[in-house]
Number of protein chains: 2
Amino acid sequence: MIETNGLPTTYRDPDLPESVTIYEVGPRDGLQNESATVPLETKVGFVERLGAAGLPIVEATSFVHPRWVPQLADAADLVARLDLGGARPYPVLVPNERGLDRALEAGVTHVAVFASATETFAARNLNSTYDAQFAMFEPVVTRAREAGVQVRAYLSMCFGDPWEGAVAPQRVVEAGARLLAMGAYELSLGDTIGVGTAQHTRVLIDAFGEAGIGTDRLAMHFHDTYGQALANAYAALRRGITTFDASAGGLGGCPYARSATGNLATEDLVWMLDGLGISHGVDLEALAATSAWMAGELGRPSPSAVVRALTS
Amino acid sequence: MIETNGLPTTYRDPDLPESVTIYEVGPRDGLQNESATVPLETKVGFVERLGAAGLPIVEATSFVHPRWVPQLADAADLVARLDLGGARPYPVLVPNERGLDRALEAGVTHVAVFASATETFAARNLNSTYDAQFAMFEPVVTRAREAGVQVRAYLSMCFGDPWEGAVAPQRVVEAGARLLAMGAYELSLGDTIGVGTAQHTRVLIDAFGEAGIGTDRLAMHFHDTYGQALANAYAALRRGITTFDASAGGLGGCPYARSATGNLATEDLVWMLDGLGISHGVDLEALAATSAWMAGELGRPSPSAVVRALTS
């Protein structure tokens, strides 16, 4: 049994939004780098429990070629088990047109593409170039929309790149604007290696605003590699961002980052939002119990501070 | 060898202070709950390396009775090894007049007292009552100041209490004002069980301001039990706080908190400050190397994300 003792105490800040959307990435971003194969039944249980805990949108898997991400080779089988006609979308990542074909065959309603703000990561992760990736994604987005499927765009390495170092906000805006112009409904700005800090976050959001791209089109995707994820989320919240990517139990992490620490933990974000009196629809106890269960399945403790504190 | 790849990228916020003081608590707050005895030589090395890494003030130990904290039974021997006449103060905690006597005999220049904002923690941790603790500390502060020794006051359970739940900011202000009125030069507001969130932090700082106690008299002492420490520090920084307690490598934690996670890690704070362009005087690589060494001495990985990322 989990007890929060009624804490945290809520203090509303009238300058902050009344509600935010948490875009749950645990089943896809969290599991994709797991070396030991997670059974299909466990994945189905994870996605369903996250939905039952109130997460409004849960990215379920990726239709990437199994050669690159063997862990998600069961994408079609997983999607077949989900309620795709309900109110809660279960987006899937599609790396290219072939992935889109498989996703459409599976009947999904939402897909996501994954682009890079830097040349080196486009080469290393996408086997492409910075410019060529847009030509690759253009037909994916166009065909998805023609099929009535909504498209989200991830942009990675928006703060720093392990090979190139600092990434200029203008470069990020240029790449992001191209993805939105293709027809993506939302752009998720990823601090893939977790080096970003609070003012950098503000400057990046402001750079989009100056280019006419408002916070209603943006989501923030922070990694906790250097412990900055939640502070950055708070800075982004103060700058008007209302959609945050997070991973249940803090699962996942970039294989190119120099640490085992991964995504912003959904529970730690929820704790902050509860303290700020910002609604999010998530049942923290059910979520933490789900992450504790998943940590047990994976055989190691959850990286989430809240999960450890509530379930230890 | 530690490489930061020139990251994080610095973005100055003109609304934030140009410099802050990091009050390092690792050798005292970080080690006091270690069950296995840390050798004196290791402690001396830890304190000296922290000083050499640029920490401007390092709380070295506690003159608490060894029955309560056996780990720090070597307090006098440790202090005898430190350069007490230098520019860098090495404060010690003193729980009562007997502790002050021992600290004065040892020749310290700075002491700290540790009070509670709540009735239950005053009983459990101090074996006193909320009101009686002030009578206990009054002669400690007075006699220390008569001896030319500066006194810092810690106030614990300033956000929530594991037995009492929510703690009202007015109660914290009332307790803090009494400690400052005795003659403490600084009041450190502790979120001892780590339940505080960003707006709660702002409200508490503002409550002191409304009582005529400015941010120049306050320090913030956050614990990362629920992952909130750095976000809260950022909120406090934006509210004018310029002194932050932190523990090298994130060592320590309240034995009454429901998790092994402890103090805000000095390295994670430094990473944020570097990103914000706020000077602090600390050499991050030397500090992380010190914490990695100490983690090895203690036989477990550092809880600090930055330490893990830079030294893994």
# chains A, B, ... in the order shown; residues from 1 in each chain; ligands from 1
call {"tool": "closest_atom_pairs", "arguments": {"of": "chain B", "to": "chain A", "cutoff": "9 Å", "atoms": "only C-alpha atoms", "output": "JSON lines"}}
result
{"residue": "B:Asn5", "atom": "CA", "partner": "A:Gly165", "partner_atom": "CA", "distance": 6.5}
{"residue": "B:Gly6", "atom": "CA", "partner": "A:Gly165", "partner_atom": "CA", "distance": 6.9}
{"residue": "B:Leu7", "atom": "CA", "partner": "A:Val195", "partner_atom": "CA", "distance": 6.6}
{"residue": "B:Pro8", "atom": "CA", "partner": "A:Val195", "partner_atom": "CA", "distance": 5.4}
{"residue": "B:Thr9", "atom": "CA", "partner": "A:Ala166", "partner_atom": "CA", "distance": 6.1}
{"residue": "B:Thr10", "atom": "CA", "partner": "A:His200", "partner_atom": "CA", "distance": 7.3}
{"residue": "B:Tyr11", "atom": "CA", "partner": "A:His200", "partner_atom": "CA", "distance": 5.6}
{"residue": "B:Arg12", "atom": "CA", "partner": "A:Gln199", "partner_atom": "CA", "distance": 6.9}
{"residue": "B:Asp13", "atom": "CA", "partner": "A:Gln199", "partner_atom": "CA", "distance": 6.4}
{"residue": "B:Phe159", "atom": "CA", "partner": "A:Thr9", "partner_atom": "CA", "distance": 8.1}
{"residue": "B:Gly160", "atom": "CA", "partner": "A:Leu7", "partner_atom": "CA", "distance": 7.5}
{"residue": "B:Pro162", "atom": "CA", "partner": "A:Asn5", "partner_atom": "CA", "distance": 7.6}
{"residue": "B:Trp163", "atom": "CA", "partner": "A:Asn5", "partner_atom": "CA", "distance": 8.7}
{"residue": "B:Gly165", "atom": "CA", "partner": "A:Asn5", "partner_atom": "CA", "distance": 6.5}
{"residue": "B:Ala166", "atom": "CA", "partner": "A:Thr9", "partner_atom": "CA", "distance": 6.1}
{"residue": "B:Val167", "atom": "CA", "partner": "A:Thr9", "partner_atom": "CA", "distance": 8.6}
{"residue": "B:Val195", "atom": "CA", "partner": "A:Pro8", "partner_atom": "CA", "distance": 5.4}
{"residue": "B:Gly196", "atom": "CA", "partner": "A:Pro8", "partner_atom": "CA", "distance": 6.2}
{"residue": "B:Thr197", "atom": "CA", "partner": "A:Gly275", "partner_atom": "CA", "distance": 5.5}
{"residue": "B:Ala198", "atom": "CA", "partner": "A:Leu276", "partner_atom": "CA", "distance": 7.2}
{"residue": "B:Gln199", "atom": "CA", "partner": "A:Tyr11", "partner_atom": "CA", "distance": 5.7}
{"residue": "B:His200", "atom": "CA", "partner": "A:Tyr11", "partner_atom": "CA", "distance": 5.6}
{"residue": "B:Val203", "atom": "CA", "partner": "A:Tyr11", "partner_atom": "CA", "distance": 7.8}
{"residue": "B:Asp224", "atom": "CA", "partner": "A:Ala305", "partner_atom": "CA", "distance": 7.4}
{"residue": "B:Thr225", "atom": "CA", "partner": "A:Ala305", "partner_atom": "CA", "distance": 5.9}
{"residue": "B:Tyr226", "atom": "CA", "partner": "A:Val306", "partner_atom": "CA", "distance": 4.6}
{"residue": "B:Gly227", "atom": "CA", "partner": "A:Ala305", "partner_atom": "CA", "distance": 5.2}
{"residue": "B:Gln228", "atom": "CA", "partner": "A:Met272", "partner_atom": "CA", "distance": 7.0}
{"residue": "B:Ala229", "atom": "CA", "partner": "A:Ala231", "partner_atom": "CA", "distance": 8.6}
{"residue": "B:Leu230", "atom": "CA", "partner": "A:Ala231", "partner_atom": "CA", "distance": 5.8}
{"residue": "B:Ala231", "atom": "CA", "partner": "A:Ala231", "partner_atom": "CA", "distance": 3.8}
{"residue": "B:Asn232", "atom": "CA", "partner": "A:Ala231", "partner_atom": "CA", "distance": 7.5}
{"residue": "B:Ala233", "atom": "CA", "partner": "A:Ala231", "partner_atom": "CA", "distance": 8.3}
{"residue": "B:Tyr234", "atom": "CA", "partner": "A:Ala231", "partner_atom": "CA", "distance": 6.6}
{"residue": "B:Ala235", "atom": "CA", "partner": "A:Tyr234", "partner_atom": "CA", "distance": 8.4}
{"residue": "B:Ala257", "atom": "CA", "partner": "A:Ala309", "partner_atom": "CA", "distance": 8.1}
{"residue": "B:Arg258", "atom": "CA", "partner": "A:Ala309", "partner_atom": "CA", "distance": 5.2}
{"residue": "B:Ser259", "atom": "CA", "partner": "A:Ala309", "partner_atom": "CA", "distance": 4.5}
{"residue": "B:Ala260", "atom": "CA", "partner": "A:Ala309", "partner_atom": "CA", "distance": 7.7}
{"residue": "B:Thr261", "atom": "CA", "partner": "A:Ala305", "partner_atom": "CA", "distance": 7.2}
{"residue": "B:Glu267", "atom": "CA", "partner": "A:Tyr226", "partner_atom": "CA", "distance": 8.8}
{"residue": "B:Asp268", "atom": "CA", "partner": "A:Gly227", "partner_atom": "CA", "distance": 5.8}
{"residue": "B:Leu269", "atom": "CA", "partner": "A:Gly227", "partner_atom": "CA", "distance": 8.6}
{"residue": "B:Trp271", "atom": "CA", "partner": "A:Tyr226", "partner_atom": "CA", "distance": 7.4}
{"residue": "B:Met272", "atom": "CA", "partner": "A:Thr197", "partner_atom": "CA", "distance": 5.7}
{"residue": "B:Leu273", "atom": "CA", "partner": "A:Thr197", "partner_atom": "CA", "distance": 8.5}
{"residue": "B:Asp274", "atom": "CA", "partner": "A:Thr197", "partner_atom": "CA", "distance": 8.7}
{"residue": "B:Gly275", "atom": "CA", "partner": "A:Thr197", "partner_atom": "CA", "distance": 5.5}
{"residue": "B:Leu276", "atom": "CA", "partner": "A:Gln199", "partner_atom": "CA", "distance": 6.1}
{"residue": "B:Ser304", "atom": "CA", "partner": "A:Gly227", "partner_atom": "CA", "distance": 7.5}
{"residue": "B:Ala305", "atom": "CA", "partner": "A:Tyr226", "partner_atom": "CA", "distance": 5.0}
{"residue": "B:Val306", "atom": "CA", "partner": "A:Tyr226", "partner_atom": "CA", "distance": 4.6}
{"residue": "B:Val307", "atom": "CA", "partner": "A:Tyr226", "partner_atom": "CA", "distance": 8.2}
{"residue": "B:Arg308", "atom": "CA", "partner": "A:Ser259", "partner_atom": "CA", "distance": 6.3}
{"residue": "B:Ala309", "atom": "CA", "partner": "A:Ser259", "partner_atom": "CA", "distance": 4.5}
{"residue": "B:Leu310", "atom": "CA", "partner": "A:Arg258", "partner_atom": "CA", "distance": 7.1}
{"residue": "B:Thr311", "atom": "CA", "partner": "A:Arg258", "partner_atom": "CA", "distance": 8.7}
{"residue": "B:Ser312", "atom": "CA", "partner": "A:Ser259", "partner_atom": "CA", "distance": 6.6}
call {"tool": "residues_around", "arguments": {"residues": "Thr142 (chain A)", "least_positions_apart": "2", "cutoff": "12 Å", "atoms": "only C-alpha atoms", "output": "number ranges by chain"}}
result
A: 96-97, 100, 111, 113, 134-140, 144-151, 179-184
call {"tool": "select_by_dssp", "arguments": {"residues": "region 26-104 of chain B", "states": "strand (DSSP E)", "output": "PDB file with C-alpha atoms, in the first residue's frame"}}
result
ATOM      1  CA  ILE B  57      32.340  26.908   3.313  1.00  0.00           C
ATOM      2  CA  VAL B  58      32.369  23.273   4.401  1.00  0.00           C
ATOM      3  CA  THR B  61      31.280  17.551  11.595  1.00  0.00           C
ATOM      4  CA  SER B  62      28.985  17.667  14.604  1.00  0.00           C
ATOM      5  CA  VAL B  92      30.493  22.404  13.118  1.00  0.00           C
ATOM      6  CA  LEU B  93      27.063  21.503  14.393  1.00  0.00           C
TER       7      LEU B  93
END
call {"tool": "closest_residue", "arguments": {"among": "B:Leu204, B:Leu55, B:Met157, B:Val270", "to": "Ile241 (chain B)", "atoms": "only C-alpha atoms"}}
result
B:Leu204
call {"tool": "select_by_dssp", "arguments": {"residues": "region 214-258 of chain B", "states": "helix (DSSP H, G or I)", "output": "number ranges by chain"}}
result
B: 215-217, 229-238, 248-250
call {"tool": "write_last_selection", "arguments": {"atoms": "all heavy atoms", "output": "tab-separated table (two decimals), in the first residue's frame"}}
result
chain	number	residue	atom	x	y	z
B	215	THR	N	15.98	37.87	1.93
B	215	THR	CA	16.68	36.70	1.41
B	215	THR	C	18.16	36.71	1.76
B	215	THR	O	18.81	35.67	1.69
B	215	THR	CB	16.52	36.62	-0.12
B	215	THR	OG1	16.90	37.88	-0.69
B	215	THR	CG2	15.08	36.31	-0.51
B	216	ASP	N	18.69	37.86	2.17
B	216	ASP	CA	20.10	37.91	2.58
B	216	ASP	C	20.33	37.17	3.90
B	216	ASP	O	21.47	36.86	4.23
B	216	ASP	CB	20.57	39.37	2.70
B	216	ASP	CG	19.72	40.16	3.70
B	216	ASP	OD1	18.47	39.98	3.69
B	216	ASP	OD2	20.29	40.93	4.48
B	217	ARG	N	19.28	36.89	4.64
B	217	ARG	CA	19.41	36.16	5.91
B	217	ARG	C	19.06	34.68	5.76
B	217	ARG	O	19.17	33.93	6.72
B	217	ARG	CB	18.49	36.77	6.99
B	217	ARG	CG	18.67	38.25	7.26
B	217	ARG	CD	20.03	38.55	7.86
B	217	ARG	NE	20.28	37.89	9.14
B	217	ARG	CZ	19.82	38.31	10.32
B	217	ARG	NH1	19.04	39.37	10.40
B	217	ARG	NH2	20.12	37.67	11.43
B	229	ALA	N	14.37	18.60	-5.49
B	229	ALA	CA	15.35	19.51	-4.89
B	229	ALA	C	15.84	20.59	-5.85
B	229	ALA	O	15.87	21.78	-5.51
B	229	ALA	CB	16.54	18.71	-4.34
B	230	LEU	N	16.23	20.22	-7.05
B	230	LEU	CA	16.81	21.22	-7.94
B	230	LEU	C	15.75	22.17	-8.50
B	230	LEU	O	16.02	23.37	-8.65
B	230	LEU	CB	17.58	20.54	-9.08
B	230	LEU	CG	18.51	21.48	-9.82
B	230	LEU	CD1	19.66	21.96	-8.94
B	230	LEU	CD2	19.07	20.81	-11.07
B	231	ALA	N	14.57	21.66	-8.79
B	231	ALA	CA	13.48	22.54	-9.24
B	231	ALA	C	13.16	23.56	-8.15
B	231	ALA	O	12.93	24.75	-8.44
B	231	ALA	CB	12.25	21.72	-9.61
B	232	ASN	N	13.17	23.11	-6.90
B	232	ASN	CA	12.92	24.03	-5.79
B	232	ASN	C	14.04	25.06	-5.66
B	232	ASN	O	13.80	26.23	-5.36
B	232	ASN	CB	12.76	23.25	-4.49
B	232	ASN	CG	11.50	22.40	-4.48
B	232	ASN	OD1	10.63	22.53	-5.35
B	232	ASN	ND2	11.40	21.50	-3.51
B	233	ALA	N	15.27	24.61	-5.88
B	233	ALA	CA	16.40	25.54	-5.81
B	233	ALA	C	16.28	26.60	-6.90
B	233	ALA	O	16.55	27.78	-6.66
B	233	ALA	CB	17.72	24.77	-5.95
B	234	TYR	N	15.86	26.17	-8.08
B	234	TYR	CA	15.67	27.15	-9.17
B	234	TYR	C	14.56	28.15	-8.80
B	234	TYR	O	14.72	29.36	-9.01
B	234	TYR	CB	15.34	26.41	-10.47
B	234	TYR	CG	15.08	27.33	-11.64
B	234	TYR	CD1	16.06	28.19	-12.12
B	234	TYR	CD2	13.83	27.33	-12.27
B	234	TYR	CE1	15.81	29.03	-13.20
B	234	TYR	CE2	13.58	28.16	-13.35
B	234	TYR	CZ	14.57	29.02	-13.81
B	234	TYR	OH	14.31	29.86	-14.87
B	235	ALA	N	13.47	27.64	-8.23
B	235	ALA	CA	12.39	28.54	-7.80
B	235	ALA	C	12.90	29.52	-6.75
B	235	ALA	O	12.58	30.71	-6.79
B	235	ALA	CB	11.22	27.72	-7.26
B	236	ALA	N	13.71	29.04	-5.82
B	236	ALA	CA	14.24	29.90	-4.75
B	236	ALA	C	15.22	30.94	-5.32
B	236	ALA	O	15.22	32.10	-4.90
B	236	ALA	CB	14.94	29.04	-3.69
B	237	LEU	N	16.02	30.49	-6.27
B	237	LEU	CA	16.97	31.40	-6.93
B	237	LEU	C	16.21	32.55	-7.60
B	237	LEU	O	16.60	33.71	-7.50
B	237	LEU	CB	17.75	30.59	-7.96
B	237	LEU	CG	19.01	31.13	-8.60
B	237	LEU	CD1	20.07	31.45	-7.56
B	237	LEU	CD2	19.53	30.10	-9.61
B	238	ARG	N	15.12	32.21	-8.24
B	238	ARG	CA	14.31	33.23	-8.91
B	238	ARG	C	13.66	34.15	-7.88
B	238	ARG	O	13.21	35.25	-8.24
B	238	ARG	CB	13.23	32.60	-9.78
B	238	ARG	CG	13.77	31.76	-10.93
B	238	ARG	CD	12.68	31.49	-11.96
B	238	ARG	NE	12.24	32.72	-12.56
B	238	ARG	CZ	12.91	33.36	-13.51
B	238	ARG	NH1	14.02	32.89	-14.00
B	238	ARG	NH2	12.44	34.49	-13.98
B	248	ALA	N	28.00	17.08	-1.33
B	248	ALA	CA	28.80	16.51	-2.42
B	248	ALA	C	28.33	15.10	-2.74
B	248	ALA	O	28.21	14.25	-1.85
B	248	ALA	CB	30.27	16.50	-2.04
B	249	GLY	N	28.04	14.85	-4.00
B	249	GLY	CA	27.61	13.53	-4.42
B	249	GLY	C	26.20	13.17	-3.98
B	249	GLY	O	25.77	12.04	-4.18
B	250	GLY	N	25.50	14.11	-3.35
B	250	GLY	CA	24.14	13.83	-2.89
B	250	GLY	C	24.10	12.94	-1.66
B	250	GLY	O	23.08	12.33	-1.34
call {"tool": "closest_residue", "arguments": {"among": "A:Pro56, A:Pro89, A:Gly30, A:Pro14", "to": "Ser302 (chain A)", "atoms": "only C-alpha atoms"}}
result
A:Gly30
call {"tool": "atom_distance", "arguments": {"atom1": "CA of Val108 (chain B)", "atom2": "CA of Leu84 (chain B)"}}
result
6.5 Å
call {"tool": "closest_residue", "arguments": {"among": "A:Asp191, A:Asp131, A:Asp29, A:Asp245", "to": "Leu155 (chain A)", "atoms": "only C-alpha atoms"}}
result
A:Asp191
